[in-house]
Number of protein chains: 2
Amino acid sequence: MREFILRALKARTTPDFKMADLAGAGRMDLVCRAISNALWIANSMRRDTIIHACMDGARLPPKTVSFNGETLRGANPDERSIGGLIRKALGAGETLKLNESLESSPGITVSKKAFERLVREKSETSELYYLHKKGEDIRNVKFGENVCFVFGDYIGMPRKTEGLLDRFGAKRISLGPTMLFASHCSVIIHNELDRREIK
Amino acid sequence: MREFILRALKARTTPDFKMADLAGAGRMDLVCRAISNALWIANSMRRDTIIHACMDGARLPPKTVSFNGETLRGANPDERSIGGLIRKALGAGETLKLNESLESSPGITVSKKAFERLVREKSETSELYYLHKKGEDIRNVKFGENVCFVFGDYIGMPRKTEGLLDRFGAKRISLGPTMLFASHCSVIIHNELDRREIK
């Protein structure tokens with residue numbers, strides 16, 4: 001199993017945003033691109049992959065919206081379609097209590113769950129990794145069967161979060177010399193894992 | 001210099017399409033994502049990169065819209081913004097005669113130029129590459145200074161086009177075992193070139 005956790009510090013957590021201005025909803029466009037690149041491949045979908053977007057923007061944070069490639073149906077890889085599914089999930093999840101969750105569409109779950117809680121849960125079942133310019137080169141990293149990669153969004157990962165990840169045993173890895181978007185990182189990670197035939 | 005040529009066989013070549021339905025305009029959403037992933041990086045843009053979208057859809061093919069990272073200004077990496085710039089370019093280029101071109105926005109050029117002609121021009125100044133599952137692994141390829149990568153869109157590369165590329169000396173390269181979107185391929189290629197510090 002391959003999992004990705006995107007921390008989107010400003011992404012809107014209520015459905016009151018316009019599809020014509022995803023960027024204005026706390027850079028929801030970045031979240032959509034990260035989901036698209038993590039799950040879709042030519043003529044198919046990565047059924048072994050889940051991506052979680054942990055959103056902390058206005059007005060009802062925290063919210064985690066998870067797209068599960070195994071059970072996702074009837075979705076398309078363009079930003080607008082994914083934005084619509086996120087908006088639907090946020091609408092369905094408005095009255096959730098802390099750590100409650102529900103499935104808003106096939107393969108899409110919304111939870112009132114904070115990033116810290118999700119990372120703690122994943123640390124119990126998966127190897128955690130996060131991107132750091134001084135991390136070990138991904139091409140030299142030995143991966144296990146269940147891997148979970150944590151990304152910051154355009155704001156970057158706060159120091160406090162890095163400390164949390166270190167406490168949970170997350171390994172620092174580097175993809176190369178250039179600072180990339182989260183949506184690019186998943187492509188490179190998938191490529192490395194595909195080459196090693198890790199499913 | 002890094003260049004990418006995307007052959008978009010069905011992408012609409014006139015500006016009569018809706019921003020709310022980029023997918024319906026011959027999968028213009030794929031074209032937008034390819035441009036976004038080829039040019040934008042975190043906090044910056046790849047100034048050493050140009051991407052050309054060669055479009056052959058209705059109603060005025062051929063059209064080539066080129067985004068030049070060196071001179072592009074005031075553009076954003078979301079699909080909708082890029083779609084708007086393509087639409088503006090197609091509108092500005094409606095009366096172009098064969099092989100004429102004009103700049104529709106800073107860094108964006110529209111030409112009434114066919115894919116075949118563009119590839120021939122590039123073969124004179126750059127090393128050409130195209131993706132093929134039986135190609136040489138990109139990690140083993142020796143790249144020169146000016147490189148130009150040719151991609152098919154979701155329809156794939158017609159046999160005839162492969163023949164043309166072979167005639168122009170294009171090398172077949174492989175990125176890995178999984179069939180990816182053109183928008184993913186540029187991310188992996190950039191990463192490989194970044195690692196080698198090829199600018």
# chains A, B, ... in the order shown; residues from 1 in each chain; ligands from 1

call {"tool": "closest_atom_pairs", "arguments": {"of": "chain A", "to": "chain B", "cutoff": "10 Å", "atoms": "only C-alpha atoms", "output": "Markdown table"}}
result
| residue | atom | partner | partner_atom | distance |
| --- | --- | --- | --- | --- |
| A:Met19 | CA | B:Ala20 | CA | 8.4 |
| A:Ala20 | CA | B:Ala20 | CA | 7.6 |
| A:Asp21 | CA | B:Arg80 | CA | 8.6 |
| A:Leu22 | CA | B:Asp78 | CA | 8.5 |
| A:Ala23 | CA | B:Asp78 | CA | 7.5 |
| A:Arg27 | CA | B:Asp78 | CA | 9.4 |
| A:Met28 | CA | B:Asp78 | CA | 9.7 |
| A:Asp29 | CA | B:Asp78 | CA | 6.1 |
| A:Leu30 | CA | B:Asp78 | CA | 7.6 |
| A:Cys32 | CA | B:Asp78 | CA | 9.4 |
| A:Arg33 | CA | B:Asp78 | CA | 8.3 |
| A:Ser36 | CA | B:Arg33 | CA | 9.8 |
| A:Asn37 | CA | B:His184 | CA | 7.3 |
| A:Ala38 | CA | B:His184 | CA | 9.9 |
| A:Trp40 | CA | B:Phe181 | CA | 8.3 |
| A:Ile41 | CA | B:Leu180 | CA | 5.1 |
| A:Ala42 | CA | B:Leu180 | CA | 5.0 |
| A:Asn43 | CA | B:Tyr154 | CA | 7.8 |
| A:Ser44 | CA | B:Met179 | CA | 9.0 |
| A:Asn76 | CA | B:Ala23 | CA | 9.3 |
| A:Pro77 | CA | B:Asp29 | CA | 8.7 |
| A:Asp78 | CA | B:Asp29 | CA | 6.1 |
| A:Glu79 | CA | B:Glu79 | CA | 6.8 |
| A:Arg80 | CA | B:Ala20 | CA | 7.6 |
| A:Ser81 | CA | B:Asp21 | CA | 9.6 |
| A:Asp153 | CA | B:Ala42 | CA | 9.3 |
| A:Tyr154 | CA | B:Ala42 | CA | 6.9 |
| A:Ile155 | CA | B:Asn43 | CA | 9.6 |
| A:Gly156 | CA | B:Ala42 | CA | 9.7 |
| A:Leu175 | CA | B:Asn191 | CA | 7.9 |
| A:Gly176 | CA | B:Arg195 | CA | 5.8 |
| A:Pro177 | CA | B:Arg195 | CA | 6.4 |
| A:Thr178 | CA | B:Asp194 | CA | 6.9 |
| A:Met179 | CA | B:Ala42 | CA | 5.6 |
| A:Leu180 | CA | B:Ala42 | CA | 5.0 |
| A:Phe181 | CA | B:Ala42 | CA | 5.2 |
| A:Ala182 | CA | B:Ala42 | CA | 8.7 |
| A:Ser183 | CA | B:Asn37 | CA | 8.7 |
| A:His184 | CA | B:Val187 | CA | 6.2 |
| A:Cys185 | CA | B:Val187 | CA | 8.6 |
| A:Ser186 | CA | B:His184 | CA | 9.6 |
| A:Val187 | CA | B:His184 | CA | 6.2 |
| A:Ile188 | CA | B:Ile188 | CA | 5.9 |
| A:Ile189 | CA | B:Ile188 | CA | 9.6 |
| A:His190 | CA | B:Thr178 | CA | 9.3 |
| A:Asn191 | CA | B:Gly176 | CA | 6.6 |
| A:Glu192 | CA | B:Gly176 | CA | 8.3 |
| A:Leu193 | CA | B:Gly176 | CA | 9.8 |
| A:Asp194 | CA | B:Pro177 | CA | 6.4 |
| A:Arg195 | CA | B:Gly176 | CA | 5.9 |
| A:Arg196 | CA | B:Pro177 | CA | 9.4 |
| A:Glu197 | CA | B:Pro177 | CA | 8.5 |

call {"tool": "residues_around", "arguments": {"residues": "Lys134 in chain A", "least_positions_apart": "6", "cutoff": "9 Å", "atoms": "only C-alpha atoms", "output": "PyMOL selection string"}}
result
chain A and resi 172-174

call {"tool": "write_last_selection", "arguments": {"atoms": "N, CA, C and O atoms", "output": "PDB file, in the first residue's frame"}}
result
ATOM      1  N   ARG A 172      13.593  11.129   6.745  1.00  0.00           N
ATOM      2  CA  ARG A 172      13.726  12.245   5.803  1.00  0.00           C
ATOM      3  C   ARG A 172      14.304  11.729   4.498  1.00  0.00           C
ATOM      4  O   ARG A 172      15.351  11.071   4.507  1.00  0.00           O
ATOM      5  N   ILE A 173      13.624  12.028   3.411  1.00  0.00           N
ATOM      6  CA  ILE A 173      14.162  11.624   2.111  1.00  0.00           C
ATOM      7  C   ILE A 173      14.216  12.834   1.182  1.00  0.00           C
ATOM      8  O   ILE A 173      13.493  13.811   1.367  1.00  0.00           O
ATOM      9  N   SER A 174      15.079  12.735   0.200  1.00  0.00           N
ATOM     10  CA  SER A 174      15.239  13.807  -0.789  1.00  0.00           C
ATOM     11  C   SER A 174      14.995  13.237  -2.183  1.00  0.00           C
ATOM     12  O   SER A 174      15.383  12.101  -2.480  1.00  0.00           O
TER      13      SER A 174
END

call {"tool": "atom_distance", "arguments": {"atom1": "CA of Leu85 in chain B", "atom2": "CA of Lys122 in chain B"}}
result
23.9 Å

call {"tool": "closest_residue", "arguments": {"among": "B:Leu90, B:Met1, B:Leu98, B:Val110", "to": "Gly69 in chain B", "atoms": "only C-alpha atoms"}}
result
B:Met1

call {"tool": "residues_around", "arguments": {"residues": "Lys142 in chain A", "least_positions_apart": "2", "cutoff": "12 Å", "atoms": "only C-alpha atoms", "output": "PyMOL selection string"}}
result
chain A and resi 127+129+136-140+144-147+171+173+192-193+196+198

call {"tool": "select_by_dssp", "arguments": {"residues": "range 20-169 of chain B", "states": "strand (DSSP E)", "output": "JSON list (two decimals) with N, CA, C and O atoms, in the first residue's frame"}}
result
[["chain", "number", "residue", "atom", "x", "y", "z"],
["B", 40, "TRP", "N", 6.04, 24.94, -13.92],
["B", 40, "TRP", "CA", 6.04, 25.51, -12.58],
["B", 40, "TRP", "C", 6.75, 24.60, -11.59],
["B", 40, "TRP", "O", 6.59, 23.38, -11.62],
["B", 41, "ILE", "N", 7.52, 25.22, -10.68],
["B", 41, "ILE", "CA", 8.06, 24.52, -9.52],
["B", 41, "ILE", "C", 7.74, 25.37, -8.31],
["B", 41, "ILE", "O", 7.22, 26.48, -8.43],
["B", 44, "SER", "N", 8.56, 29.22, -7.94],
["B", 44, "SER", "CA", 9.33, 29.68, -9.09],
["B", 44, "SER", "C", 8.80, 29.06, -10.37],
["B", 44, "SER", "O", 7.74, 28.45, -10.41],
["B", 45, "MET", "N", 9.56, 29.27, -11.44],
["B", 45, "MET", "CA", 9.22, 28.71, -12.73],
["B", 45, "MET", "C", 10.50, 28.25, -13.40],
["B", 45, "MET", "O", 11.57, 28.80, -13.15],
["B", 49, "THR", "N", 12.87, 26.29, -19.77],
["B", 49, "THR", "CA", 11.98, 25.29, -20.38],
["B", 49, "THR", "C", 10.92, 25.93, -21.26],
["B", 49, "THR", "O", 10.36, 26.98, -20.92],
["B", 50, "ILE", "N", 10.66, 25.28, -22.38],
["B", 50, "ILE", "CA", 9.54, 25.65, -23.27],
["B", 50, "ILE", "C", 8.70, 24.40, -23.48],
["B", 50, "ILE", "O", 9.24, 23.31, -23.66],
["B", 51, "ILE", "N", 7.36, 24.57, -23.45],
["B", 51, "ILE", "CA", 6.50, 23.45, -23.84],
["B", 51, "ILE", "C", 5.58, 23.90, -24.98],
["B", 51, "ILE", "O", 5.00, 24.99, -24.92],
["B", 52, "HIS", "N", 5.51, 23.06, -26.00],
["B", 52, "HIS", "CA", 4.66, 23.31, -27.16],
["B", 52, "HIS", "C", 3.51, 22.31, -27.15],
["B", 52, "HIS", "O", 3.75, 21.11, -27.02],
["B", 53, "ALA", "N", 2.29, 22.78, -27.30],
["B", 53, "ALA", "CA", 1.15, 21.88, -27.45],
["B", 53, "ALA", "C", 0.70, 21.95, -28.90],
["B", 53, "ALA", "O", 0.22, 23.00, -29.34],
["B", 54, "CYS", "N", 0.88, 20.86, -29.61],
["B", 54, "CYS", "CA", 0.47, 20.79, -31.02],
["B", 54, "CYS", "C", -0.93, 20.20, -31.07],
["B", 54, "CYS", "O", -1.12, 19.02, -30.78],
["B", 55, "MET", "N", -1.89, 21.03, -31.43],
["B", 55, "MET", "CA", -3.29, 20.63, -31.32],
["B", 55, "MET", "C", -3.90, 20.42, -32.70],
["B", 55, "MET", "O", -3.67, 21.22, -33.62],
["B", 63, "LYS", "N", -2.78, 23.87, -34.88],
["B", 63, "LYS", "CA", -2.37, 25.02, -34.07],
["B", 63, "LYS", "C", -1.34, 24.55, -33.06],
["B", 63, "LYS", "O", -1.54, 23.51, -32.41],
["B", 64, "THR", "N", -0.29, 25.31, -32.93],
["B", 64, "THR", "CA", 0.69, 25.02, -31.88],
["B", 64, "THR", "C", 0.73, 26.21, -30.92],
["B", 64, "THR", "O", 0.95, 27.35, -31.35],
["B", 65, "VAL", "N", 0.47, 25.95, -29.65],
["B", 65, "VAL", "CA", 0.56, 26.99, -28.62],
["B", 65, "VAL", "C", 1.78, 26.66, -27.77],
["B", 65, "VAL", "O", 1.91, 25.55, -27.25],
["B", 66, "SER", "N", 2.69, 27.64, -27.65],
["B", 66, "SER", "CA", 3.96, 27.41, -26.96],
["B", 66, "SER", "C", 4.06, 28.31, -25.73],
["B", 66, "SER", "O", 3.79, 29.51, -25.81],
["B", 67, "PHE", "N", 4.42, 27.73, -24.60],
["B", 67, "PHE", "CA", 4.64, 28.47, -23.36],
["B", 67, "PHE", "C", 6.14, 28.47, -23.08],
["B", 67, "PHE", "O", 6.74, 27.41, -22.91],
["B", 68, "ASN", "N", 6.71, 29.66, -22.99],
["B", 68, "ASN", "CA", 8.15, 29.81, -22.78],
["B", 68, "ASN", "C", 8.41, 30.29, -21.35],
["B", 68, "ASN", "O", 8.08, 31.43, -20.99],
["B", 101, "SER", "N", 3.00, 33.03, -37.00],
["B", 101, "SER", "CA", 2.81, 32.94, -35.55],
["B", 101, "SER", "C", 2.74, 34.34, -34.96],
["B", 101, "SER", "O", 3.12, 35.32, -35.60],
["B", 102, "LEU", "N", 2.21, 34.42, -33.74],
["B", 102, "LEU", "CA", 2.18, 35.70, -33.03],
["B", 102, "LEU", "C", 2.21, 35.44, -31.53],
["B", 102, "LEU", "O", 1.87, 34.34, -31.08],
["B", 103, "GLU", "N", 2.64, 36.44, -30.75],
["B", 103, "GLU", "CA", 2.66, 36.33, -29.30],
["B", 103, "GLU", "C", 1.34, 36.85, -28.77],
["B", 103, "GLU", "O", 1.00, 38.01, -28.96],
["B", 104, "SER", "N", 0.58, 35.99, -28.09],
["B", 104, "SER", "CA", -0.75, 36.37, -27.62],
["B", 104, "SER", "C", -0.72, 36.92, -26.19],
["B", 104, "SER", "O", -1.61, 37.66, -25.79],
["B", 105, "SER", "N", 0.27, 36.55, -25.42],
["B", 105, "SER", "CA", 0.49, 37.04, -24.04],
["B", 105, "SER", "C", 2.00, 36.94, -23.82],
["B", 105, "SER", "O", 2.67, 36.24, -24.58],
["B", 108, "ILE", "N", 3.80, 33.55, -24.44],
["B", 108, "ILE", "CA", 2.90, 32.57, -25.07],
["B", 108, "ILE", "C", 2.75, 32.90, -26.56],
["B", 108, "ILE", "O", 2.36, 34.02, -26.91],
["B", 109, "THR", "N", 3.07, 31.92, -27.40],
["B", 109, "THR", "CA", 3.02, 32.11, -28.84],
["B", 109, "THR", "C", 2.03, 31.12, -29.44],
["B", 109, "THR", "O", 1.98, 29.96, -29.03],
["B", 110, "VAL", "N", 1.26, 31.59, -30.40],
["B", 110, "VAL", "CA", 0.39, 30.68, -31.16],
["B", 110, "VAL", "C", 0.86, 30.68, -32.61],
["B", 110, "VAL", "O", 1.17, 31.72, -33.17],
["B", 111, "SER", "N", 0.95, 29.48, -33.17],
["B", 111, "SER", "CA", 1.40, 29.33, -34.56],
["B", 111, "SER", "C", 0.42, 28.45, -35.30],
["B", 111, "SER", "O", -0.14, 27.53, -34.73],
["B", 127, "GLU", "N", 18.54, 17.58, -29.49],
["B", 127, "GLU", "CA", 18.40, 16.13, -29.52],
["B", 127, "GLU", "C", 16.95, 15.80, -29.23],
["B", 127, "GLU", "O", 16.38, 16.29, -28.25],
["B", 128, "LEU", "N", 16.36, 14.98, -30.08],
["B", 128, "LEU", "CA", 14.96, 14.61, -29.89],
["B", 128, "LEU", "C", 14.85, 13.27, -29.17],
["B", 128, "LEU", "O", 15.63, 12.35, -29.43],
["B", 129, "TYR", "N", 13.83, 13.17, -28.30],
["B", 129, "TYR", "CA", 13.56, 11.93, -27.58],
["B", 129, "TYR", "C", 12.06, 11.68, -27.60],
["B", 129, "TYR", "O", 11.28, 12.63, -27.54],
["B", 130, "TYR", "N", 11.68, 10.44, -27.65],
["B", 130, "TYR", "CA", 10.27, 10.16, -27.39],
["B", 130, "TYR", "C", 10.14, 8.89, -26.55],
["B", 130, "TYR", "O", 11.03, 8.05, -26.52],
["B", 131, "LEU", "N", 9.02, 8.84, -25.87],
["B", 131, "LEU", "CA", 8.85, 7.79, -24.88],
["B", 131, "LEU", "C", 8.33, 6.52, -25.53],
["B", 131, "LEU", "O", 7.40, 6.55, -26.33],
["B", 132, "HIS", "N", 8.97, 5.45, -25.17],
["B", 132, "HIS", "CA", 8.61, 4.17, -25.74],
["B", 132, "HIS", "C", 8.92, 3.11, -24.69],
["B", 132, "HIS", "O", 9.99, 3.14, -24.09],
["B", 133, "LYS", "N", 8.00, 2.18, -24.52],
["B", 133, "LYS", "CA", 8.20, 1.21, -23.43],
["B", 133, "LYS", "C", 9.45, 0.36, -23.65],
["B", 133, "LYS", "O", 10.01, -0.15, -22.69],
["B", 134, "LYS", "N", 9.87, 0.26, -24.89],
["B", 134, "LYS", "CA", 11.10, -0.51, -25.15],
["B", 134, "LYS", "C", 12.32, 0.39, -25.34],
["B", 134, "LYS", "O", 13.37, -0.06, -25.80],
["B", 135, "GLY", "N", 12.17, 1.68, -25.00],
["B", 135, "GLY", "CA", 13.29, 2.60, -25.14],
["B", 135, "GLY", "C", 14.35, 2.38, -24.07],
["B", 135, "GLY", "O", 14.18, 1.59, -23.14],
["B", 136, "GLU", "N", 15.45, 3.12, -24.21],
["B", 136, "GLU", "CA", 16.53, 3.02, -23.22],
["B", 136, "GLU", "C", 16.11, 3.70, -21.92],
["B", 136, "GLU", "O", 15.47, 4.76, -21.93],
["B", 137, "ASP", "N", 16.45, 3.09, -20.82],
["B", 137, "ASP", "CA", 16.11, 3.66, -19.51],
["B", 137, "ASP", "C", 16.70, 5.07, -19.40],
["B", 137, "ASP", "O", 17.90, 5.27, -19.58],
["B", 147, "VAL", "N", 17.77, 19.65, -25.30],
["B", 147, "VAL", "CA", 17.02, 18.40, -25.37],
["B", 147, "VAL", "C", 15.55, 18.70, -25.61],
["B", 147, "VAL", "O", 15.02, 19.70, -25.11],
["B", 148, "CYS", "N", 14.90, 17.87, -26.41],
["B", 148, "CYS", "CA", 13.50, 18.08, -26.74],
["B", 148, "CYS", "C", 12.76, 16.74, -26.69],
["B", 148, "CYS", "O", 13.14, 15.79, -27.38],
["B", 149, "PHE", "N", 11.76, 16.68, -25.83],
["B", 149, "PHE", "CA", 11.04, 15.44, -25.59],
["B", 149, "PHE", "C", 9.65, 15.52, -26.22],
["B", 149, "PHE", "O", 8.94, 16.51, -26.04],
["B", 150, "VAL", "N", 9.27, 14.47, -26.93],
["B", 150, "VAL", "CA", 7.99, 14.46, -27.64],
["B", 150, "VAL", "C", 7.06, 13.45, -26.98],
["B", 150, "VAL", "O", 7.45, 12.31, -26.71],
["B", 151, "PHE", "N", 5.83, 13.90, -26.67],
["B", 151, "PHE", "CA", 4.85, 13.04, -26.01],
["B", 151, "PHE", "C", 3.58, 12.93, -26.84],
["B", 151, "PHE", "O", 3.15, 13.92, -27.44],
["B", 152, "GLY", "N", 2.94, 11.80, -26.76],
["B", 152, "GLY", "CA", 1.57, 11.70, -27.22],
["B", 152, "GLY", "C", 0.63, 12.10, -26.10],
["B", 152, "GLY", "O", 1.04, 12.26, -24.96]]

call {"tool": "atom_distance", "arguments": {"atom1": "CA of Gly169 in chain B", "atom2": "CA of Leu39 in chain B"}}
result
25.8 Å
